[in-house]
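Worksheet: the structure to be examined is printed underneath.
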Amino acid sequence: MYNAKAYSVAGATSPFSPTGIPRRDTTEHDVRIDILFCGICHSDLHTVRNEWSSVMPTVYPCVPGHEIVGRVAQVGSAVTKFQPGDLAGVGCLVDSDHTCPSCRADLEQFCRNATFTYNSQDKHLGGVTYGGYSDSIVVDERFVLRVPSNLDLAGVAPLHCAGITTYSPMRRWGVTKGRKVGVVGLGGLGHMGVKFARAFGAHVVVFTISPGKKEDALRLGADEVVISRNANEMKKHAGSFDFILDAVSADHDINAYINLLGRDGNLTLVGAPSRPLPVSAFGLLFGRRSLSGSLIGGIAETQEMLDFCGVHNITSDVEVIPIQKVNEAYERLLKSDVKYRFAIDMASLKSE
Ligand SMILES: [Zn+2]
Ligand SMILES: [Zn+2]
């Protein structure tokens, strides 16, 4: 066991402060990574403030962070995929049981015994796992991703959650050239959805409530932008979409979007509104449309996504901050005042 530097919170209303956390010594299958950048995901904020207490109560102290990119510092004797000096990434998962039907189908994110990167039972040290707001992390090599060397590393960090969360449902629902794809909400998730849909060759329509985001949506790769409060603009697209990615986590009318789907069209939710959404059955019956959810992706698909990003030069648009500004960043995140993801430069932790 060794001591790693980190930023943690002591309770649901406490700010972040510098701390030391235990990390395990590298076992034979482990990779120890010196963290270079860690993205700030909205899930970090929900967890830190114990807002998901009914599903996953937060254990304090809490060190969040599951959009990790860094350099391999040390490998165990049985590690084959990595060598010291390699770039490496870690997303939302650090372990699973490897034996259940989901694991066997490369869908570790649905394993009932999955270990999440933070606030999950730590099988090695006891207590809970600590995430990427830290200078290093030790992870089983099966859950460590290879990172393409041609990309900006700060922009690579958010691919490990925001990237795979939007990539996976598009692959599942067959987003390819010639398909008409909608992206609802242009935030951390939505802006990645636009980039992937564009790279897959789809015709991309962004739905937003803010006319101010139009120019940005076009710059990110949208072919059209629809202001969703304008009923006439919405009507023009009725029954025409193959797939809609809904990345909104606030209350909103999903029936308005279901009605834009064509026959056999699908709307997938990747945002998590806190209250149940009313759904009109008729919207689904007519046209045999479907409504789905999606949760990150398995390790193999996350690797596929990173490789795809390397080939297509895709990264997240980030604002890089020192870790000392993390409390301020959380306040700004609540106001959606970031384009489109914060990435913490972990070099700033060295001075603590
Ligand atoms: Zn996340
Ligand atoms: Zn499993």
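Labeling convention for the structure tokens: chains A, B, ... as they appear, residues from 1 per chain, ligands from 1 in order of appearance.
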
>> Taking 3 positions as the minimum chain separation for residues in the same chain, which residues sit within 9 Å of stretch 235-247 of chain A when counting only C-alpha atoms? Answer as a PyMOL selection string.
In response: chain A and resi 166+169-170+173-175+179-190+193+230-232+254+257-272+287

Expected file: the selected residues, N, CA and C atoms, as a compact mmCIF listing (two decimals), in the first residue's frame:
# COMPACT_ATOMS: atom_id res chain seq x y z
N THR A 166 -22.20 8.14 -25.37
CA THR A 166 -22.90 8.55 -26.59
C THR A 166 -22.56 7.65 -27.78
N PRO A 169 -24.77 3.78 -27.72
CA PRO A 169 -26.12 3.64 -28.28
C PRO A 169 -26.17 3.90 -29.79
N MET A 170 -25.28 4.73 -30.30
CA MET A 170 -25.28 4.97 -31.75
C MET A 170 -24.85 3.72 -32.50
N TRP A 173 -27.79 1.15 -32.30
CA TRP A 173 -28.96 1.45 -33.13
C TRP A 173 -28.60 1.76 -34.57
N GLY A 174 -27.39 1.38 -34.96
CA GLY A 174 -27.04 1.39 -36.38
C GLY A 174 -26.92 2.77 -37.00
N VAL A 175 -26.37 3.72 -36.28
CA VAL A 175 -26.14 5.05 -36.87
C VAL A 175 -25.01 4.95 -37.89
N ARG A 179 -28.26 7.94 -42.39
CA ARG A 179 -29.29 7.97 -41.35
C ARG A 179 -29.51 9.39 -40.86
N LYS A 180 -30.74 9.66 -40.43
CA LYS A 180 -31.03 10.97 -39.85
C LYS A 180 -31.06 10.84 -38.33
N VAL A 181 -30.17 11.60 -37.70
CA VAL A 181 -29.95 11.45 -36.26
C VAL A 181 -30.19 12.78 -35.55
N GLY A 182 -30.94 12.72 -34.45
CA GLY A 182 -31.15 13.90 -33.62
C GLY A 182 -30.35 13.81 -32.34
N VAL A 183 -29.88 14.94 -31.86
CA VAL A 183 -29.22 15.00 -30.56
C VAL A 183 -29.94 16.08 -29.75
N VAL A 184 -30.52 15.67 -28.62
CA VAL A 184 -31.27 16.60 -27.79
C VAL A 184 -30.39 17.06 -26.64
N GLY A 185 -30.13 18.37 -26.59
CA GLY A 185 -29.30 18.92 -25.51
C GLY A 185 -27.85 18.98 -25.91
N LEU A 186 -27.26 20.16 -25.82
CA LEU A 186 -25.86 20.32 -26.25
C LEU A 186 -24.99 20.65 -25.04
N GLY A 187 -24.69 19.62 -24.26
CA GLY A 187 -23.80 19.79 -23.10
C GLY A 187 -22.64 18.82 -23.23
N GLY A 188 -22.14 18.34 -22.09
CA GLY A 188 -21.00 17.41 -22.09
C GLY A 188 -21.27 16.16 -22.93
N LEU A 189 -22.47 15.57 -22.75
CA LEU A 189 -22.82 14.39 -23.53
C LEU A 189 -23.20 14.76 -24.96
N GLY A 190 -24.11 15.72 -25.09
CA GLY A 190 -24.65 16.07 -26.40
C GLY A 190 -23.57 16.47 -27.40
N GLY A 193 -22.12 13.46 -28.75
CA GLY A 193 -23.08 12.81 -29.65
C GLY A 193 -23.03 13.41 -31.05
N ASN A 230 -39.86 25.99 -30.59
CA ASN A 230 -40.58 26.48 -31.77
C ASN A 230 -41.36 25.32 -32.40
N ALA A 231 -42.67 25.26 -32.13
CA ALA A 231 -43.50 24.12 -32.56
C ALA A 231 -43.48 23.93 -34.07
N ASN A 232 -43.44 25.03 -34.82
CA ASN A 232 -43.42 24.92 -36.28
C ASN A 232 -42.16 24.25 -36.78
N ILE A 254 -40.62 14.19 -23.63
CA ILE A 254 -40.00 13.30 -24.63
C ILE A 254 -40.99 12.90 -25.72
N TYR A 257 -40.35 14.42 -28.98
CA TYR A 257 -39.24 13.83 -29.76
C TYR A 257 -39.61 12.46 -30.32
N ILE A 258 -40.37 11.68 -29.54
CA ILE A 258 -40.80 10.36 -30.04
C ILE A 258 -41.59 10.54 -31.35
N ASN A 259 -42.40 11.62 -31.39
CA ASN A 259 -43.20 11.87 -32.60
C ASN A 259 -42.36 12.28 -33.81
N LEU A 260 -41.11 12.60 -33.58
CA LEU A 260 -40.23 12.93 -34.72
C LEU A 260 -39.59 11.69 -35.32
N LEU A 261 -39.73 10.54 -34.63
CA LEU A 261 -39.12 9.30 -35.14
C LEU A 261 -39.92 8.75 -36.31
N GLY A 262 -39.23 8.14 -37.26
CA GLY A 262 -39.89 7.43 -38.35
C GLY A 262 -40.24 6.01 -37.91
N ARG A 263 -40.68 5.18 -38.86
CA ARG A 263 -41.02 3.79 -38.52
C ARG A 263 -39.79 3.07 -37.99
N ASP A 264 -39.98 2.35 -36.88
CA ASP A 264 -38.91 1.61 -36.22
C ASP A 264 -37.79 2.51 -35.69
N GLY A 265 -38.07 3.79 -35.62
CA GLY A 265 -37.08 4.70 -35.06
C GLY A 265 -36.92 4.48 -33.56
N ASN A 266 -35.77 4.86 -33.06
CA ASN A 266 -35.49 4.69 -31.63
C ASN A 266 -35.03 5.99 -30.98
N LEU A 267 -35.53 6.22 -29.78
CA LEU A 267 -35.03 7.31 -28.95
C LEU A 267 -34.34 6.68 -27.75
N THR A 268 -33.07 7.02 -27.55
CA THR A 268 -32.34 6.49 -26.40
C THR A 268 -32.02 7.61 -25.42
N LEU A 269 -32.36 7.33 -24.16
CA LEU A 269 -32.06 8.28 -23.09
C LEU A 269 -30.67 8.00 -22.53
N VAL A 270 -29.85 9.03 -22.44
CA VAL A 270 -28.57 8.89 -21.73
C VAL A 270 -28.46 9.88 -20.57
N GLY A 271 -29.39 10.83 -20.52
CA GLY A 271 -29.49 11.71 -19.35
C GLY A 271 -30.37 11.03 -18.32
N ALA A 272 -30.37 11.52 -17.10
CA ALA A 272 -31.15 10.88 -16.05
C ALA A 272 -31.99 11.91 -15.28
N GLY A 287 -45.94 3.50 -35.81
CA GLY A 287 -44.58 3.50 -36.31
C GLY A 287 -43.67 2.51 -35.61

>> When you look at A:Phe110 with a cut-off of 12 Å (counting only C-alpha atoms), what residues show up, excluding the ones that are within fewer than 2 positions of it in the same chain? I need them as number ranges by chain.
In response: A: 92-93, 95-98, 100-108, 112-116, 294-299

Contacts of chain A with ligand 1 up to 9 Å, shortest pair per row, only C-alpha atoms and all ligand atoms, as CSV:
residue,atom,partner,partner_atom_place_in_ligand_line,distance
A:Gly39,CA,ligand 1,1 (Zn),8.5
A:Ile40,CA,ligand 1,1 (Zn),7.7
A:Cys41,CA,ligand 1,1 (Zn),4.5
A:His42,CA,ligand 1,1 (Zn),6.3
A:Ser43,CA,ligand 1,1 (Zn),5.2
A:Asp44,CA,ligand 1,1 (Zn),6.9
A:Gly65,CA,ligand 1,1 (Zn),7.8
A:His66,CA,ligand 1,1 (Zn),6.1
A:Glu67,CA,ligand 1,1 (Zn),7.0
A:Gly91,CA,ligand 1,1 (Zn),8.1
A:Cys92,CA,ligand 1,1 (Zn),6.8
A:Pro158,CA,ligand 1,1 (Zn),8.0
A:His160,CA,ligand 1,1 (Zn),7.9
A:Cys161,CA,ligand 1,1 (Zn),4.6
A:Ala162,CA,ligand 1,1 (Zn),6.1
A:Thr165,CA,ligand 1,1 (Zn),8.3
A:Ile296,CA,ligand 1,1 (Zn),8.1

Convert the current residue selection to file output with N, CA and C atoms, as an mmCIF file, in the first residue's frame.
data_model
loop_
_atom_site.group_PDB
_atom_site.id
_atom_site.type_symbol
_atom_site.label_atom_id
_atom_site.label_comp_id
_atom_site.auth_asym_id
_atom_site.auth_seq_id
_atom_site.Cartn_x
_atom_site.Cartn_y
_atom_site.Cartn_z
ATOM 1 N N GLY A 39 -11.388 14.212 -16.287
ATOM 2 C CA GLY A 39 -12.561 15.014 -16.613
ATOM 3 C C GLY A 39 -13.500 15.117 -15.414
ATOM 4 N N ILE A 40 -14.342 16.155 -15.413
ATOM 5 C CA ILE A 40 -15.372 16.292 -14.378
ATOM 6 C C ILE A 40 -16.713 15.954 -15.008
ATOM 7 N N CYS A 41 -17.300 14.851 -14.527
ATOM 8 C CA CYS A 41 -18.574 14.357 -15.044
ATOM 9 C C CYS A 41 -19.685 14.805 -14.094
ATOM 10 N N HIS A 42 -20.892 14.978 -14.624
ATOM 11 C CA HIS A 42 -22.007 15.374 -13.761
ATOM 12 C C HIS A 42 -22.276 14.326 -12.679
ATOM 13 N N SER A 43 -21.943 13.066 -12.971
ATOM 14 C CA SER A 43 -22.106 12.009 -11.962
ATOM 15 C C SER A 43 -21.208 12.251 -10.749
ATOM 16 N N ASP A 44 -20.057 12.866 -10.985
ATOM 17 C CA ASP A 44 -19.156 13.182 -9.866
ATOM 18 C C ASP A 44 -19.889 14.082 -8.878
ATOM 19 N N GLY A 65 -14.225 10.970 -9.944
ATOM 20 C CA GLY A 65 -13.389 11.038 -11.148
ATOM 21 C C GLY A 65 -13.331 9.719 -11.886
ATOM 22 N N HIS A 66 -13.988 9.655 -13.073
ATOM 23 C CA HIS A 66 -13.908 8.420 -13.868
ATOM 24 C C HIS A 66 -13.669 8.727 -15.353
ATOM 25 N N GLU A 67 -12.954 9.811 -15.584
ATOM 26 C CA GLU A 67 -12.532 10.141 -16.953
ATOM 27 C C GLU A 67 -11.033 10.391 -16.889
ATOM 28 N N GLY A 91 -11.966 4.393 -17.293
ATOM 29 C CA GLY A 91 -13.295 4.990 -17.299
ATOM 30 C C GLY A 91 -14.048 4.704 -16.010
ATOM 31 N N CYS A 92 -15.316 4.320 -16.160
ATOM 32 C CA CYS A 92 -16.196 4.182 -14.991
ATOM 33 C C CYS A 92 -16.047 2.859 -14.257
ATOM 34 N N PRO A 158 -12.423 12.984 -21.118
ATOM 35 C CA PRO A 158 -13.887 12.800 -21.078
ATOM 36 C C PRO A 158 -14.419 11.713 -22.016
ATOM 37 N N HIS A 160 -13.740 8.772 -21.847
ATOM 38 C CA HIS A 160 -13.918 7.574 -21.037
ATOM 39 C C HIS A 160 -15.286 7.467 -20.374
ATOM 40 N N CYS A 161 -16.041 8.585 -20.311
ATOM 41 C CA CYS A 161 -17.438 8.487 -19.854
ATOM 42 C C CYS A 161 -18.363 9.155 -20.871
ATOM 43 N N ALA A 162 -18.219 10.471 -21.062
ATOM 44 C CA ALA A 162 -19.108 11.178 -21.996
ATOM 45 C C ALA A 162 -18.997 10.587 -23.408
ATOM 46 N N THR A 165 -20.565 6.896 -23.530
ATOM 47 C CA THR A 165 -22.004 6.987 -23.248
ATOM 48 C C THR A 165 -22.795 7.356 -24.496
ATOM 49 N N ILE A 296 -23.036 3.903 -20.281
ATOM 50 C CA ILE A 296 -21.629 3.836 -20.733
ATOM 51 C C ILE A 296 -21.446 2.748 -21.798
#

> Out of stretch 53-214 of chain A, which residues get alpha helix (DSSP H) from DSSP, as a ChimeraX atom specification?
Replying inline: /A:101-104,153-156,162-172,188-199,214

>> I'd like the contact shell of A:Lys350 - 9 Å cut-off, only C-alpha atoms, skipping same-chain residues fewer than 4 positions apart - returned as number ranges by chain.
In response: A: 5, 135, 346

>> as a ChimeraX atom specification, please: the residues near stretch 321-334 of chain A (cut-off 12 Å, only C-alpha atoms, same-chain neighbours under 2 positions excluded).
In response: /A:5-9,13-18,36-46,48-49,64-65,132-135,154,187-188,249-250,318-319,336-352

>> When you count only C-alpha atoms, which of these residues is closest to A:His29: A:Phe82, A:Phe207, A:Tyr167, A:Phe308?
In response: A:Phe82

> So how many Å separate atom CA of A:Thr176 and atom CA of A:Glu224, to one decimal?
Replying inline: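 These atoms are spaced 17.3 Å apart.
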
>> Restricting the calculation to only C-alpha atoms and all ligand atoms: of A:Val248, A:Cys111, A:Val156, A:Ala73, which residue gets closest to ligand 2?
In response: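 That would be A:Cys111, the residue with the smallest distance to ligand 2.
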